[in-house]
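> My structure is stored as work.cif, with mmCIF, C-alpha atoms and all ligand atoms.
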```cif
data_protein
#
loop_
_atom_site.label_atom_id
_atom_site.label_comp_id
_atom_site.auth_asym_id
_atom_site.auth_seq_id
_atom_site.Cartn_x
_atom_site.Cartn_y
_atom_site.Cartn_z
CA MET A 1 -22.45 122.92 137.96
CA PHE A 2 -25.63 124.63 137.05
CA ARG A 3 -25.51 123.34 133.52
CA MET A 4 -27.56 120.45 134.77
CA PHE A 5 -30.66 122.59 134.79
CA PRO A 6 -31.93 121.87 131.28
CA LEU A 7 -32.55 118.30 132.38
CA VAL A 8 -36.19 118.63 131.58
CA PHE A 9 -37.43 119.59 128.18
CA LEU A 10 -40.56 121.61 128.44
CA PRO A 11 -43.18 121.56 125.73
CA THR A 12 -42.86 124.77 123.68
CA SER A 13 -46.16 126.10 124.97
CA TRP A 14 -44.84 125.85 128.53
CA ILE A 15 -41.60 127.63 127.80
CA LEU A 16 -43.57 130.63 126.63
CA LEU A 17 -45.41 130.67 129.92
CA LEU A 18 -42.41 130.42 132.18
CA PRO A 19 -41.61 133.65 133.98
CA LEU A 20 -38.42 135.49 133.24
CA ARG A 21 -37.52 134.85 136.81
CA ALA A 22 -36.95 131.19 136.01
CA LEU A 23 -34.40 132.22 133.41
CA ASP A 24 -32.42 133.97 136.10
CA LEU A 25 -31.67 130.64 137.68
CA PHE A 26 -28.08 130.82 136.61
CA ASP A 27 -27.60 133.53 139.17
CA ALA A 28 -28.87 131.40 141.99
CA GLU A 29 -26.50 131.69 144.86
CA GLU A 30 -27.20 128.38 146.46
CA VAL A 31 -27.89 125.08 144.73
CA GLU A 32 -28.58 121.91 146.63
CA TYR A 33 -29.12 118.35 145.38
CA LEU A 34 -31.14 115.84 147.38
CA SER A 35 -31.86 112.22 146.48
CA PHE A 36 -34.59 109.90 147.67
CA ASN A 37 -35.75 106.35 147.00
CA VAL A 38 -39.45 105.63 147.13
CA SER A 39 -41.36 102.46 146.35
CA ALA A 40 -44.94 101.99 145.25
CA THR A 41 -47.26 99.09 144.54
CA THR A 42 -49.10 98.59 141.27
CA GLY A 43 -52.65 99.89 141.46
CA GLY A 44 -51.80 102.13 144.42
CA SER A 45 -50.89 105.78 144.88
CA VAL A 46 -47.57 107.32 145.79
CA ARG A 47 -46.61 110.82 146.85
CA LEU A 48 -43.27 112.28 145.82
CA ASP A 49 -42.24 115.34 147.77
CA CYS A 50 -40.47 118.45 146.60
CA GLY A 51 -39.52 120.07 149.89
CA ALA A 52 -41.62 120.74 152.96
CA ASP A 53 -42.65 124.25 151.94
CA PRO A 54 -43.86 124.95 148.44
CA PRO A 55 -41.18 126.79 146.45
CA SER A 56 -41.85 129.92 144.41
CA VAL A 57 -41.38 127.98 141.19
CA PHE A 58 -41.15 124.26 140.61
CA ILE A 59 -40.90 121.94 137.65
CA TRP A 60 -41.35 118.18 137.84
CA GLY A 61 -39.70 116.00 135.24
CA PHE A 62 -39.65 112.26 134.68
CA THR A 63 -37.12 109.87 133.19
CA ARG A 64 -38.51 106.40 132.73
CA ALA A 65 -36.36 103.53 134.01
CA GLY A 66 -34.01 102.46 131.24
CA SER A 67 -34.59 105.63 129.21
CA ASP A 68 -32.33 108.62 128.63
CA SER A 69 -34.94 111.18 127.82
CA SER A 70 -36.84 113.31 130.27
CA VAL A 71 -40.29 114.72 129.95
CA ALA A 72 -41.88 117.54 131.89
CA LEU A 73 -44.85 116.49 134.01
CA ALA A 74 -45.84 119.56 135.98
CA TYR A 75 -44.86 123.10 136.78
CA ASP A 76 -46.11 125.91 138.94
CA TYR A 77 -44.73 129.41 139.08
CA GLY A 78 -47.23 130.70 141.56
CA ARG A 79 -50.50 130.57 139.65
CA GLY A 80 -51.45 126.99 140.24
CA PRO A 81 -49.99 123.80 138.80
CA LYS A 82 -50.08 122.86 135.12
CA LEU A 83 -49.87 119.18 134.44
CA GLN A 84 -49.06 116.93 131.56
CA ALA A 85 -49.96 113.23 131.42
CA LEU A 86 -47.33 110.58 132.05
CA PRO A 87 -45.91 109.13 128.82
CA GLY A 88 -48.16 106.46 127.35
CA GLY A 89 -50.96 107.40 129.74
CA ALA A 90 -49.40 105.29 132.49
CA GLY A 91 -50.92 106.18 135.87
CA ARG A 92 -52.46 109.54 136.70
CA ILE A 93 -50.68 112.48 138.27
CA ARG A 94 -51.84 115.37 140.42
CA VAL A 95 -50.34 118.10 142.59
CA PRO A 96 -52.35 118.42 145.84
CA ALA A 97 -53.56 121.96 146.68
CA ASN A 98 -50.92 124.22 148.22
CA THR A 99 -48.12 121.70 147.80
CA SER A 100 -45.33 121.02 145.35
CA ALA A 101 -45.70 117.26 145.79
CA LEU A 102 -46.48 115.02 142.85
CA VAL A 103 -48.95 112.23 143.49
CA VAL A 104 -49.12 109.31 141.09
CA ASP A 105 -52.37 107.35 141.23
CA GLU A 106 -53.17 104.03 139.55
CA VAL A 107 -49.49 103.16 139.63
CA ARG A 108 -48.26 100.89 136.88
CA ARG A 109 -44.87 99.42 136.09
CA GLU A 110 -44.36 102.10 133.46
CA VAL A 111 -44.17 104.86 136.08
CA GLU A 112 -40.95 103.41 137.46
CA GLY A 113 -38.03 105.75 136.98
CA THR A 114 -36.50 108.98 138.23
CA TYR A 115 -38.58 112.01 139.10
CA THR A 116 -36.82 115.34 139.37
CA CYS A 117 -38.28 118.39 141.01
CA GLN A 118 -36.39 121.58 140.32
CA ALA A 119 -37.44 124.08 142.96
CA LEU A 120 -36.63 127.77 143.13
CA TYR A 121 -37.10 129.59 146.40
CA HIS A 122 -37.08 133.36 146.43
CA ALA A 123 -35.53 134.36 149.72
CA GLY A 124 -34.83 138.05 149.74
CA ARG A 125 -31.94 138.77 147.43
CA ALA A 126 -30.46 135.28 147.55
CA ASP A 127 -32.48 132.83 145.51
CA ARG A 128 -32.07 129.24 146.45
CA VAL A 129 -32.44 126.28 144.10
CA THR A 130 -32.94 122.69 145.17
CA PHE A 131 -33.01 119.64 142.92
CA TYR A 132 -34.95 116.73 144.39
CA TYR A 133 -34.16 113.43 142.69
CA THR A 134 -36.56 110.64 143.58
CA ARG A 135 -36.09 107.16 142.29
CA LEU A 136 -39.43 105.36 142.21
CA ASP A 137 -39.50 101.57 142.24
CA VAL A 138 -42.73 99.74 141.55
CA GLU A 139 -43.54 96.37 143.07
CA ASP A 140 -46.39 94.13 142.01
CA ASP A 141 -49.35 94.07 144.30
C1 LIG B 1 -31.23 104.52 146.49
O1 LIG B 1 -31.04 103.20 146.03
C2 LIG B 1 -29.84 103.03 145.29
C3 LIG B 1 -29.82 101.62 144.71
O2 LIG B 1 -30.26 100.68 145.64
C4 LIG B 1 -28.65 103.30 146.20
O3 LIG B 1 -27.46 103.17 145.47
C5 LIG B 1 -28.76 104.74 146.71
O4 LIG B 1 -27.74 104.99 147.62
C6 LIG B 1 -30.11 104.96 147.39
N1 LIG B 1 -30.24 106.37 147.70
C7 LIG B 1 -30.77 106.82 148.83
C8 LIG B 1 -30.83 108.30 148.99
O5 LIG B 1 -31.20 106.08 149.70
C1 LIG B 2 -54.74 126.56 150.00
O1 LIG B 2 -54.34 127.86 150.38
C2 LIG B 2 -55.39 128.81 150.26
C3 LIG B 2 -54.79 130.18 150.55
O2 LIG B 2 -53.97 130.16 151.67
C4 LIG B 2 -56.53 128.44 151.21
O3 LIG B 2 -57.57 129.35 151.09
C5 LIG B 2 -57.02 127.04 150.86
O4 LIG B 2 -57.99 126.65 151.79
C6 LIG B 2 -55.88 126.06 150.88
N1 LIG B 2 -56.36 124.77 150.39
C7 LIG B 2 -56.04 123.62 151.00
C8 LIG B 2 -56.64 122.39 150.40
O5 LIG B 2 -55.30 123.57 151.97
#
```
Output the file's structure as structure tokens, nothing else.

Amino acid sequence: MFRMFPLVFLPTSWILLLPLRALDLFDAEEVEYLSFNVSATTGGSVRLDCGADPPSVFIWGFTRAGSDSSVALAYDYGRGPKLQALPGGAGRIRVPANTSALVVDEVRREVEGTYTCQALYHAGRADRVTFYYTRLDVEDD
């Protein structure tokens, strides 16, 4: 089941920065998968959530509609988010302060696809992992 984790390929520089804790994910006692559909309008902004409370560690990935490959967009393991531009410079992304949400501004057709947030919650001895799958559809303004 948990083999699905390497969904997102992190740039090498990011892997070096990830805490060992993230590598312990295979021991997570509870894994949950949640799916959402969100739509956005070209030129607008859209917020994609990754849980109500910010997790201890989160990684956002993106798979463009019609593509098989995923790219990492953002991660935070407790020291503030690190971001990478959307492929082809389509739209702009940000993670609002104190959240794990991903906001896409200046939405274009090219940002349509599936966004995955892999969230790890440290809860005492039992870590909890949630995968948030959000399918983003873009409509013309
Ligand atoms: C999202 O949309 C797809 C295609 O319309 C549908 O199959 C799926 O059930 C929807 N998922 C949710 C969580 O609404
Ligand atoms: C984020 O959290 C910190 C620490 O709790 C707080 O000082 C800061 O005001 C918060 N920022 C926002 C935008 O909520």
> Could you list, as a tab-separated table (two decimals) with C-alpha atoms, in the coordinates of the input, all the residues within 9 Å of ligand LIG 2 (chain B), counting all atoms listed in the file?

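The result, stored in out_19.tsv:
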```
chain	number	residue	atom	x	y	z
A	96	PRO	CA	-52.35	118.42	145.84
A	97	ALA	CA	-53.56	121.96	146.68
A	98	ASN	CA	-50.92	124.22	148.22
A	99	THR	CA	-48.12	121.70	147.80
```
> Show which residues sit within 12 Å of A:Arg92, as a compact mmCIF listing (two decimals) with C-alpha atoms, in the frame of the given file. Count all atoms listed in the file, and ignore same-chain residues fewer than 5 positions away.

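Heads up, here's the output in part-v3.txt:
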```txt
# COMPACT_ATOMS: atom_id res chain seq x y z
CA GLY A 43 -52.65 99.89 141.46
CA GLY A 44 -51.80 102.13 144.42
CA SER A 45 -50.89 105.78 144.88
CA VAL A 46 -47.57 107.32 145.79
CA ARG A 47 -46.61 110.82 146.85
CA LEU A 73 -44.85 116.49 134.01
CA LEU A 83 -49.87 119.18 134.44
CA GLN A 84 -49.06 116.93 131.56
CA ALA A 85 -49.96 113.23 131.42
CA LEU A 86 -47.33 110.58 132.05
CA PRO A 87 -45.91 109.13 128.82
CA LEU A 102 -46.48 115.02 142.85
CA VAL A 103 -48.95 112.23 143.49
CA VAL A 104 -49.12 109.31 141.09
CA ASP A 105 -52.37 107.35 141.23
CA GLU A 106 -53.17 104.03 139.55
CA VAL A 107 -49.49 103.16 139.63
CA ARG A 108 -48.26 100.89 136.88
CA GLU A 110 -44.36 102.10 133.46
CA VAL A 111 -44.17 104.86 136.08
```
> By how many Å are atom CA of A:Asp76 and atom CA of A:Arg109 apart?
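The value is 26.7 Å.
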> Let me know the centre plus edge lengths, in Å and rounded to one decimal, of a box with edges along x, y and z that contains all listed atoms of stretch 39-55 of chain A and is padded by 3 Å on every side, as lines of an AutoDock Vina configuration file.

```
center_x = -46.1
center_y = 112.7
center_z = 147.1
size_x = 19.1
size_y = 34.2
size_z = 17.7
```
> Which residues are near ligand LIG 1 (chain B) - at most 7 Å, using all atoms listed in the file? Format: as a PyMOL selection string.
chain A and resi 35-37+135
> Counting all atoms listed in the file, which residue out of A:Thr41, A:Gly91, A:Phe62, A:Ser56 sits closest to A:Glu139?
A:Thr41
> To one decimal in Å, tell me the separation between atom CA of A:Ile59 and atom CA of A:Asp140.
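Computing the Euclidean distance for atom CA of A:Ile59 and atom CA of A:Asp140 yields 28.7 Å.
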> Find the distance between atom CA of A:Ser67 and atom CA of A:Asp141 and write it in Å to one decimal.
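Spanning atom CA of A:Ser67 to atom CA of A:Asp141 is a straight-line distance of 24.1 Å.
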> Using all atoms listed in the file, which protein or nucleic acid residues come within 7 Å of A:Glu30? Drop anything in the same chain fewer than 4 positions from it, and give the result as a JSON list (two decimals) with C-alpha atoms, in the frame of the given file.

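Full text of part.json as output:
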```json
[["chain", "number", "residue", "atom", "x", "y", "z"],
["A", 127, "ASP", "CA", -32.48, 132.83, 145.51],
["A", 128, "ARG", "CA", -32.07, 129.24, 146.45],
["A", 129, "VAL", "CA", -32.44, 126.28, 144.10]]
```
> With all atoms listed in the file as the atoms that count, which of A:Ser100, A:Ser70, A:Thr116, A:Thr42 lies nearest to A:Phe131?
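Going through A:Ser100, A:Ser70, A:Thr116, A:Thr42 one by one, the smallest distance to A:Phe131 is for A:Thr116.
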> Skip A:Gly113 itself and residues of its chain fewer than 2 positions away, then list as a ChimeraX atom specification all residues within 6 Å of it, counting only C-alpha atoms.
/A:63-65,135-136
> Would you please work out which residue, of A:Gly124, A:Gly61, A:Gly66, A:Pro54, is nearest to A:Gly80 when using all atoms listed in the file?
A:Pro54
